[in-house]
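Please read the structure below before turning to the comments.
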Amino acid sequence: MRSINALALRKRLGQILDEVADGGDPLLVTRGNHPLVVLVSAARYEQATGARHERLTTAARRVAEWRAEYAANRADLDPVELVRRDRDRQ
């Protein structure tokens, strides 16, 4: 991944934005040799967040399926109490 310092980015902002938007690699912006942000194209961002959303949706569906199958048989389980017990063991 390429990097650029904040001052150089400020001087060439339009050009840099065009490069990243046209499918260029993500760009790490630094200030004082410390990483600040990463610029990515909107298309790459949508792709990354879309995949994350899909994974979370799948996980939520699987939890709901588990609940429907097992939780009804275990009405005596109190989730709050289970978390407290687990925390106390640590």
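Letters A, B, ... mark the chains of the structure tokens in the order given; residue numbers begin at 1 per chain; ligand numbers begin at 1, in order shown.
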
Step one, run DSSP on the backbone; step two, keep only residues of chain A assigned to alpha helix (DSSP H); then write them as number ranges by chain. A: 6-11, 13-21, 42-70, 79-89

Would you list the contacts of Gly24 in chain A as a PyMOL selection string, taking every protein, DNA or RNA residue within 12 Å and counting only C-alpha atoms, but skipping same-chain residues closer than 6 positions in sequence? chain A and resi 1-2+15-18+39-44

Would you output that residue set with C-alpha atoms, as a PDB file, in the first residue's frame?
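Produced file again.pdb, reproduced below:
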ATOM      1  CA  MET A   1       0.000   0.000   0.000  1.00  0.00           C
ATOM      2  CA  ARG A   2       1.301   3.387  -0.905  1.00  0.00           C
ATOM      3  CA  GLN A  15      -5.019  14.306  -8.380  1.00  0.00           C
ATOM      4  CA  ILE A  16      -4.794  11.809  -5.519  1.00  0.00           C
ATOM      5  CA  LEU A  17      -8.591  11.495  -5.280  1.00  0.00           C
ATOM      6  CA  ASP A  18      -8.778  10.793  -9.011  1.00  0.00           C
ATOM      7  CA  LEU A  39      -8.307   6.337   1.381  1.00  0.00           C
ATOM      8  CA  VAL A  40     -10.096   3.738  -0.739  1.00  0.00           C
ATOM      9  CA  SER A  41     -12.343   4.056  -3.753  1.00  0.00           C
ATOM     10  CA  ALA A  42     -16.083   4.097  -3.163  1.00  0.00           C
ATOM     11  CA  ALA A  43     -16.426   0.863  -5.155  1.00  0.00           C
ATOM     12  CA  ARG A  44     -13.876  -0.950  -2.986  1.00  0.00           C
TER      13      ARG A  44
END

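Note that the spacing between CA of Leu7 in chain A and CA of Val29 in chain A amounts to 9.5 Å.
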
Would you mind writing down, as a short mmCIF file (atom, residue, chain, number, x, y, z; two decimals) with C-alpha atoms, in the first residue's frame, each residue of chain A that DSSP on the backbone assigns to strand (DSSP E or B)?
data_model
loop_
_atom_site.label_atom_id
_atom_site.label_comp_id
_atom_site.auth_asym_id
_atom_site.auth_seq_id
_atom_site.Cartn_x
_atom_site.Cartn_y
_atom_site.Cartn_z
CA ARG A 2 1.30 3.39 -0.90
CA SER A 3 1.51 6.13 1.68
CA ILE A 4 1.56 9.90 1.55
CA ASN A 5 1.93 12.52 4.24
CA LEU A 27 -3.59 5.09 0.07
CA LEU A 28 -2.33 5.45 3.64
CA VAL A 29 -2.26 9.07 4.83
CA THR A 30 0.28 9.82 7.54
CA ARG A 31 1.13 12.78 9.71
CA HIS A 34 1.99 8.11 12.19
CA PRO A 35 -0.82 6.54 10.14
CA LEU A 36 -4.04 8.57 10.18
CA VAL A 37 -6.47 7.23 7.59
CA VAL A 38 -6.67 5.03 4.53
CA LEU A 39 -8.31 6.34 1.38
#

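Taking CA of Leu77 in chain A and CA of Arg55 in chain A as endpoints, the distance between them is 27.3 Å.
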